[in-house]
Amino acid sequence: MLTVHAYAAPSATEPLAPTTIERRDVGPTEILIDIKFAGICHSDIHTARGEWGDAGWPIVVGHEIAGVVAEVGSDVSKHKVGDRVGVGCLVDSCRECDSCKQGLEQYCLNGNIGTYGGIGRDGKPTAGGYSTHIVVEEDFALRIPEGIELDEAAPLLCAGITLYSPLNHWDAGPGKKVAIIGLGGLGHMGVKIAHAMGAEVTVLSQSLKKQEDGLRLGADHYYATSDPATFEQLKGSFDLIVNTVSANLDLDAYMSLLRVDGTLVEVGAPEHPMSVKAFSLLPGRRSLAGSSIGGIPETQEMLDFCAEHGLGAEIEVISADKINEAWDRVVASDVRYRFVIDTATLG
Ligand SMILES: [Zn+2]
Ligand SMILES: [Zn+2]
């Protein structure tokens with residue numbers, strides 16, 4: 001057993017505070033990772049503040065982990081000490097169901113194991129990346145190619161794959177018109193990846209405040225959704241729209257922006273149900289879909305793609321004592337575009 005430094009939420013209402021947690025000994029098929037950086041995802045905040053139910057406090061969150069292999073189990077073949085690796089939202093799954101067999105561990109039919117807030121195979125609650133070390137099954141650790149800095153790689157493990165997967169599945173590429181709703185932690189990765197895939201990219205944002213950023217990150221067009229003229233002008237334009245916004249939107253208005261056979265994909269998780277009229281779907285054979293992170297093979301593919309195209313997240317690296325402040329800024333959408341914790345400052 002290894003006692004390591006971490007930051008934990010003691011309850012739904014208290015700020016995060018330094019603590020120590022135990023990491024189990026490395027099993028035959030497991031590796032110990034020396035975590036270097038951990039991204040701050042909005043899900044961390046929803047979970048720790050009890051907005052998605054009982055989190056099982058105290059809880060250590062974080063599922064955008066980048067680090068270096070420090071120890072390997074006797075049967076490990078995929079990683080060796082010193083390798084640069086990442087861990088995303090999952091640390092295990094049943095590995096036997098139809099989804100797992102297809103490499104779609106995110107849709108495991110028997111319930112996968114979350115990087116935090118889950119129960120590991122050892123029967124203990126899982127604890128995430130706001131810590132200096134983690135022990136994981138080798139199959140659930142991803143190789144981070146040279147060519148992406150570890151700090152810029154961390155957010156790819158959740159934000160990156162959350163956008164890559166739908167863009168990949170719905171064939172964003174040359175000749176396709178793709179719109180990304182919202183230019184935040186998720187949206188900015190969507191713009192970068194869709195542009196690198198060769199699609200014509202449009203950002204649909206509430207205002208034009210971040211227009212300069214959007215165009216610099218790879219968008220071809222940028223529109224304010226607060227302007228009703230935007231919806232008139234863009235009617236029937238897009239093959240694919242990815243909605244990264246977690247607030248309730250007028251889906252009917254956005255569906256009208258799709259071409260025939262176009263698809264609007266939800267990747268954010270609004271708190272309240274959203275309605276959509278049948279007549280927003282029928283004309284144009286339009287689809288409304290959802291997508292959740294990505295499986296292990298696709299996450300590796302995404303990291304390789306990002307390295308090949310020189311893509312990382314736009315980040316602000318912070319020390320541990322700034323985590324609570326950073327969370328407030330994430331809630332206020334005051335970050336361009338992802339906070340990353342330097343885990344050397346945790347202890
Ligand atoms: Zn996340
Ligand atoms: Zn499964």
# chains A, B, ... in the order shown; residues from 1 in each chain; ligands from 1

call {"tool": "residues_near_ligand", "arguments": {"ligand": "ligand 1", "cutoff": "9 Å", "atoms": "only C-alpha atoms and all ligand atoms", "output": "PyMOL selection string"}}
result
chain A and resi 39-44+62-64+88-89+155+157-159+162+293

call {"tool": "closest_atom_pairs", "arguments": {"of": "chain A", "to": "ligand 2", "cutoff": "7 Å", "atoms": "only C-alpha atoms and all ligand atoms", "output": "JSON lines"}}
result
{"residue": "A:Ser93", "atom": "CA", "partner": "ligand 2", "partner_atom_place_in_ligand_line": "1 (Zn)", "distance": 5.4}
{"residue": "A:Cys94", "atom": "CA", "partner": "ligand 2", "partner_atom_place_in_ligand_line": "1 (Zn)", "distance": 4.0}
{"residue": "A:Arg95", "atom": "CA", "partner": "ligand 2", "partner_atom_place_in_ligand_line": "1 (Zn)", "distance": 4.7}
{"residue": "A:Glu96", "atom": "CA", "partner": "ligand 2", "partner_atom_place_in_ligand_line": "1 (Zn)", "distance": 5.2}
{"residue": "A:Cys97", "atom": "CA", "partner": "ligand 2", "partner_atom_place_in_ligand_line": "1 (Zn)", "distance": 4.2}
{"residue": "A:Asp98", "atom": "CA", "partner": "ligand 2", "partner_atom_place_in_ligand_line": "1 (Zn)", "distance": 6.7}
{"residue": "A:Ser99", "atom": "CA", "partner": "ligand 2", "partner_atom_place_in_ligand_line": "1 (Zn)", "distance": 5.7}
{"residue": "A:Cys100", "atom": "CA", "partner": "ligand 2", "partner_atom_place_in_ligand_line": "1 (Zn)", "distance": 4.3}
{"residue": "A:Glu105", "atom": "CA", "partner": "ligand 2", "partner_atom_place_in_ligand_line": "1 (Zn)", "distance": 6.0}
{"residue": "A:Cys108", "atom": "CA", "partner": "ligand 2", "partner_atom_place_in_ligand_line": "1 (Zn)", "distance": 3.6}
{"residue": "A:Leu109", "atom": "CA", "partner": "ligand 2", "partner_atom_place_in_ligand_line": "1 (Zn)", "distance": 5.0}
{"residue": "A:Asn110", "atom": "CA", "partner": "ligand 2", "partner_atom_place_in_ligand_line": "1 (Zn)", "distance": 5.3}
{"residue": "A:Gly111", "atom": "CA", "partner": "ligand 2", "partner_atom_place_in_ligand_line": "1 (Zn)", "distance": 6.6}
{"residue": "A:Asn112", "atom": "CA", "partner": "ligand 2", "partner_atom_place_in_ligand_line": "1 (Zn)", "distance": 6.6}

call {"tool": "write_last_selection", "arguments": {"atoms": "N, CA and C atoms", "output": "PDB file, in the first residue's frame"}}
result
ATOM      1  N   SER A  93     -13.984  -2.229 -16.897  1.00  0.00           N
ATOM      2  CA  SER A  93     -15.343  -2.554 -17.341  1.00  0.00           C
ATOM      3  C   SER A  93     -15.458  -4.068 -17.303  1.00  0.00           C
ATOM      4  N   CYS A  94     -16.639  -4.605 -17.687  1.00  0.00           N
ATOM      5  CA  CYS A  94     -16.820  -6.064 -17.549  1.00  0.00           C
ATOM      6  C   CYS A  94     -15.958  -6.837 -18.540  1.00  0.00           C
ATOM      7  N   ARG A  95     -15.644  -6.213 -19.670  1.00  0.00           N
ATOM      8  CA  ARG A  95     -14.794  -6.784 -20.725  1.00  0.00           C
ATOM      9  C   ARG A  95     -15.416  -7.967 -21.452  1.00  0.00           C
ATOM     10  N   GLU A  96     -16.679  -8.296 -21.141  1.00  0.00           N
ATOM     11  CA  GLU A  96     -17.311  -9.478 -21.731  1.00  0.00           C
ATOM     12  C   GLU A  96     -18.559  -9.179 -22.533  1.00  0.00           C
ATOM     13  N   CYS A  97     -19.199  -8.048 -22.282  1.00  0.00           N
ATOM     14  CA  CYS A  97     -20.474  -7.767 -22.952  1.00  0.00           C
ATOM     15  C   CYS A  97     -20.220  -7.343 -24.408  1.00  0.00           C
ATOM     16  N   ASP A  98     -21.297  -7.226 -25.167  1.00  0.00           N
ATOM     17  CA  ASP A  98     -21.177  -6.845 -26.581  1.00  0.00           C
ATOM     18  C   ASP A  98     -20.437  -5.522 -26.745  1.00  0.00           C
ATOM     19  N   SER A  99     -20.768  -4.547 -25.892  1.00  0.00           N
ATOM     20  CA  SER A  99     -20.111  -3.244 -26.000  1.00  0.00           C
ATOM     21  C   SER A  99     -18.616  -3.368 -25.750  1.00  0.00           C
ATOM     22  N   CYS A 100     -18.254  -4.033 -24.650  1.00  0.00           N
ATOM     23  CA  CYS A 100     -16.828  -4.160 -24.313  1.00  0.00           C
ATOM     24  C   CYS A 100     -16.066  -4.895 -25.410  1.00  0.00           C
ATOM     25  N   GLU A 105     -16.192   0.402 -24.244  1.00  0.00           N
ATOM     26  CA  GLU A 105     -16.294   0.223 -22.795  1.00  0.00           C
ATOM     27  C   GLU A 105     -17.134   1.303 -22.130  1.00  0.00           C
ATOM     28  N   CYS A 108     -20.524  -0.088 -21.608  1.00  0.00           N
ATOM     29  CA  CYS A 108     -20.539  -1.426 -21.000  1.00  0.00           C
ATOM     30  C   CYS A 108     -21.933  -1.726 -20.444  1.00  0.00           C
ATOM     31  N   LEU A 109     -22.470  -2.883 -20.817  1.00  0.00           N
ATOM     32  CA  LEU A 109     -23.852  -3.218 -20.435  1.00  0.00           C
ATOM     33  C   LEU A 109     -23.947  -3.651 -18.980  1.00  0.00           C
ATOM     34  N   ASN A 110     -22.812  -4.008 -18.400  1.00  0.00           N
ATOM     35  CA  ASN A 110     -22.831  -4.450 -17.002  1.00  0.00           C
ATOM     36  C   ASN A 110     -22.307  -3.384 -16.046  1.00  0.00           C
ATOM     37  N   GLY A 111     -22.080  -2.204 -16.586  1.00  0.00           N
ATOM     38  CA  GLY A 111     -21.606  -1.107 -15.731  1.00  0.00           C
ATOM     39  C   GLY A 111     -20.093  -1.075 -15.695  1.00  0.00           C
ATOM     40  N   ASN A 112     -19.515  -0.008 -16.239  1.00  0.00           N
ATOM     41  CA  ASN A 112     -18.065   0.119 -16.160  1.00  0.00           C
ATOM     42  C   ASN A 112     -17.694   0.752 -14.818  1.00  0.00           C
TER      43      ASN A 112
END

call {"tool": "residues_around", "arguments": {"residues": "A:Glu232", "least_positions_apart": "5", "cutoff": "10 Å", "atoms": "only C-alpha atoms", "output": "count of residues only"}}
result
4

call {"tool": "closest_residue", "arguments": {"among": "A:Arg336, A:Ala320, A:Ile144, A:Ser74", "to": "A:Ala17", "atoms": "only C-alpha atoms"}}
result
A:Ala320

call {"tool": "atom_distance", "arguments": {"atom1": "atom CA of A:Ser275", "atom2": "atom CA of A:Gly295"}}
result
28.9 Å

call {"tool": "closest_atom_pairs", "arguments": {"of": "stretch 87-124 of chain A", "to": "stretch 53-56 of chain A", "cutoff": "10 Å", "atoms": "only C-alpha atoms", "output": "CSV"}}
result
residue,atom,partner,partner_atom,distance
A:Tyr116,CA,A:Ala55,CA,9.2
A:Gly117,CA,A:Ala55,CA,6.2
A:Gly118,CA,A:Ala55,CA,9.1

call {"tool": "write_last_selection", "arguments": {"atoms": "C-alpha atoms", "output": "short mmCIF file (atom, residue, chain, number, x, y, z; two decimals), in the first residue's frame"}}
result
data_model
loop_
_atom_site.label_atom_id
_atom_site.label_comp_id
_atom_site.auth_asym_id
_atom_site.auth_seq_id
_atom_site.Cartn_x
_atom_site.Cartn_y
_atom_site.Cartn_z
CA TYR A 116 -13.75 8.24 -9.28
CA GLY A 117 -16.99 7.65 -7.47
CA GLY A 118 -17.12 3.98 -8.53
#

call {"tool": "select_by_dssp", "arguments": {"residues": "stretch 108-162 of chain A", "states": "alpha helix (DSSP H)", "output": "VMD selection string"}}
result
chain A and resid 150 to 153 159 to 162

call {"tool": "closest_residue", "arguments": {"among": "A:Val26, A:Val203, A:Asp321, A:Glu152", "to": "A:Gly190", "atoms": "only C-alpha atoms"}}
result
A:Val203

call {"tool": "residues_around", "arguments": {"residues": "A:Gly184", "least_positions_apart": "3", "cutoff": "8 Å", "atoms": "only C-alpha atoms", "output": "NGL selection string"}}
result
:A and (187-188 or 244 or 333 or 335-337)

call {"tool": "write_last_selection", "arguments": {"atoms": "C-alpha atoms", "output": "tab-separated table (two decimals), in the first residue's frame"}}
result
chain	number	residue	atom	x	y	z
A	187	GLY	CA	-16.23	23.10	-27.50
A	188	HIS	CA	-12.71	24.38	-28.03
A	244	THR	CA	-21.51	21.00	-25.72
A	333	SER	CA	-17.34	29.96	-17.53
A	335	VAL	CA	-11.53	29.88	-18.18
A	336	ARG	CA	-9.83	29.67	-21.56
A	337	TYR	CA	-10.20	26.77	-21.84

call {"tool": "residues_around", "arguments": {"residues": "A:Ser77", "least_positions_apart": "4", "cutoff": "9 Å", "atoms": "only C-alpha atoms", "output": "list in words"}}
result
Thr29, Val72 and Glu138 of chain A

call {"tool": "atom_distance", "arguments": {"atom1": "atom CA of A:His221", "atom2": "atom CA of A:Thr263"}}
result
19.2 Å

call {"tool": "closest_residue", "arguments": {"among": "A:Leu2, A:Ile119, A:Ile318, A:Ile161", "to": "A:Cys306", "atoms": "only C-alpha atoms"}}
result
A:Ile161

call {"tool": "closest_atom_pairs", "arguments": {"of": "stretch 148-180 of chain A", "to": "stretch 192-198 of chain A", "cutoff": "8 Å", "atoms": "only C-alpha atoms", "output": "Markdown table"}}
result
| residue | atom | partner | partner_atom | distance |
| --- | --- | --- | --- | --- |
| A:Leu163 | CA | A:Ile193 | CA | 7.7 |
| A:Tyr164 | CA | A:Ile193 | CA | 6.6 |
| A:Leu167 | CA | A:Ala194 | CA | 6.7 |
| A:Ala172 | CA | A:Ala194 | CA | 6.3 |
| A:Gly173 | CA | A:Gly198 | CA | 4.6 |
| A:Pro174 | CA | A:Gly198 | CA | 4.6 |
| A:Gly175 | CA | A:Gly198 | CA | 7.8 |
| A:Val178 | CA | A:Ala194 | CA | 7.4 |

call {"tool": "select_by_dssp", "arguments": {"residues": "stretch 56-268 of chain A", "states": "strand (DSSP E or B)", "output": "JSON, numbers by chain"}}
result
{"A": [59, 65, 66, 67, 68, 69, 70, 71, 72, 84, 85, 86, 87, 90, 91, 92, 113, 114, 119, 125, 131, 133, 134, 135, 136, 137, 142, 143, 177, 178, 179, 180, 181, 200, 201, 202, 203, 204, 205, 221, 222, 223, 224, 238, 239, 240, 241, 242, 243, 258, 259, 260, 261, 262, 263, 264, 265, 266]}

call {"tool": "write_last_selection", "arguments": {"atoms": "C-alpha atoms", "output": "mmCIF file, in the first residue's frame"}}
result
data_model
loop_
_atom_site.group_PDB
_atom_site.id
_atom_site.type_symbol
_atom_site.label_atom_id
_atom_site.label_comp_id
_atom_site.auth_asym_id
_atom_site.auth_seq_id
_atom_site.Cartn_x
_atom_site.Cartn_y
_atom_site.Cartn_z
ATOM 1 C CA ILE A 59 -14.259 12.057 -2.600
ATOM 2 C CA ILE A 65 -4.924 12.262 -15.859
ATOM 3 C CA ALA A 66 -1.498 12.473 -17.482
ATOM 4 C CA GLY A 67 1.651 11.038 -15.964
ATOM 5 C CA VAL A 68 4.504 8.584 -16.151
ATOM 6 C CA VAL A 69 4.555 4.858 -15.355
ATOM 7 C CA ALA A 70 6.367 4.308 -12.042
ATOM 8 C CA GLU A 71 5.876 0.567 -11.546
ATOM 9 C CA VAL A 72 4.414 -2.347 -13.517
ATOM 10 C CA ARG A 84 4.022 8.614 -20.697
ATOM 11 C CA VAL A 85 0.454 7.525 -20.056
ATOM 12 C CA GLY A 86 -3.010 8.883 -19.446
ATOM 13 C CA VAL A 87 -6.188 7.765 -17.719
ATOM 14 C CA LEU A 90 -12.887 4.731 -16.918
ATOM 15 C CA VAL A 91 -10.565 2.407 -14.989
ATOM 16 C CA ASP A 92 -12.278 -0.904 -15.790
ATOM 17 C CA ILE A 113 -15.962 1.437 -13.296
ATOM 18 C CA GLY A 114 -15.525 5.201 -13.156
ATOM 19 C CA ILE A 119 -16.367 0.775 -6.697
ATOM 20 C CA PRO A 125 -14.307 3.358 -3.792
ATOM 21 C CA SER A 131 -3.678 12.959 -6.327
ATOM 22 C CA HIS A 133 -0.402 8.534 -7.906
ATOM 23 C CA ILE A 134 -2.993 6.061 -9.189
ATOM 24 C CA VAL A 135 -3.020 2.294 -9.740
ATOM 25 C CA VAL A 136 -4.929 1.091 -12.805
ATOM 26 C CA GLU A 137 -5.373 -1.952 -15.031
ATOM 27 C CA LEU A 142 -3.509 5.131 -22.728
ATOM 28 C CA ARG A 143 -0.205 5.854 -24.374
ATOM 29 C CA LYS A 177 -20.221 21.285 -42.467
ATOM 30 C CA VAL A 178 -19.941 20.927 -38.718
ATOM 31 C CA ALA A 179 -21.233 23.283 -36.032
ATOM 32 C CA ILE A 180 -20.080 23.275 -32.437
ATOM 33 C CA ILE A 181 -22.471 24.840 -29.921
ATOM 34 C CA GLU A 200 -15.795 23.284 -42.409
ATOM 35 C CA VAL A 201 -16.328 24.410 -38.823
ATOM 36 C CA THR A 202 -18.792 26.916 -37.416
ATOM 37 C CA VAL A 203 -19.006 27.990 -33.784
ATOM 38 C CA LEU A 204 -22.454 28.820 -32.440
ATOM 39 C CA SER A 205 -21.888 30.822 -29.283
ATOM 40 C CA HIS A 221 -17.241 30.880 -39.133
ATOM 41 C CA TYR A 222 -18.536 32.230 -35.851
ATOM 42 C CA TYR A 223 -22.115 33.258 -35.065
ATOM 43 C CA ALA A 224 -23.902 34.668 -32.045
ATOM 44 C CA PHE A 238 -25.102 21.659 -41.268
ATOM 45 C CA ASP A 239 -24.420 17.958 -41.644
ATOM 46 C CA LEU A 240 -23.558 17.684 -37.970
ATOM 47 C CA ILE A 241 -24.089 19.839 -34.907
ATOM 48 C CA VAL A 242 -22.441 18.932 -31.618
ATOM 49 C CA ASN A 243 -23.992 20.551 -28.558
ATOM 50 C CA LEU A 258 -29.526 20.778 -40.069
ATOM 51 C CA ARG A 259 -29.441 19.661 -43.676
ATOM 52 C CA VAL A 260 -31.357 16.602 -44.902
ATOM 53 C CA ASP A 261 -30.089 13.580 -42.920
ATOM 54 C CA GLY A 262 -28.253 15.879 -40.539
ATOM 55 C CA THR A 263 -27.667 14.958 -36.899
ATOM 56 C CA LEU A 264 -27.557 16.985 -33.712
ATOM 57 C CA VAL A 265 -25.500 15.245 -31.029
ATOM 58 C CA GLU A 266 -25.780 16.035 -27.342
#
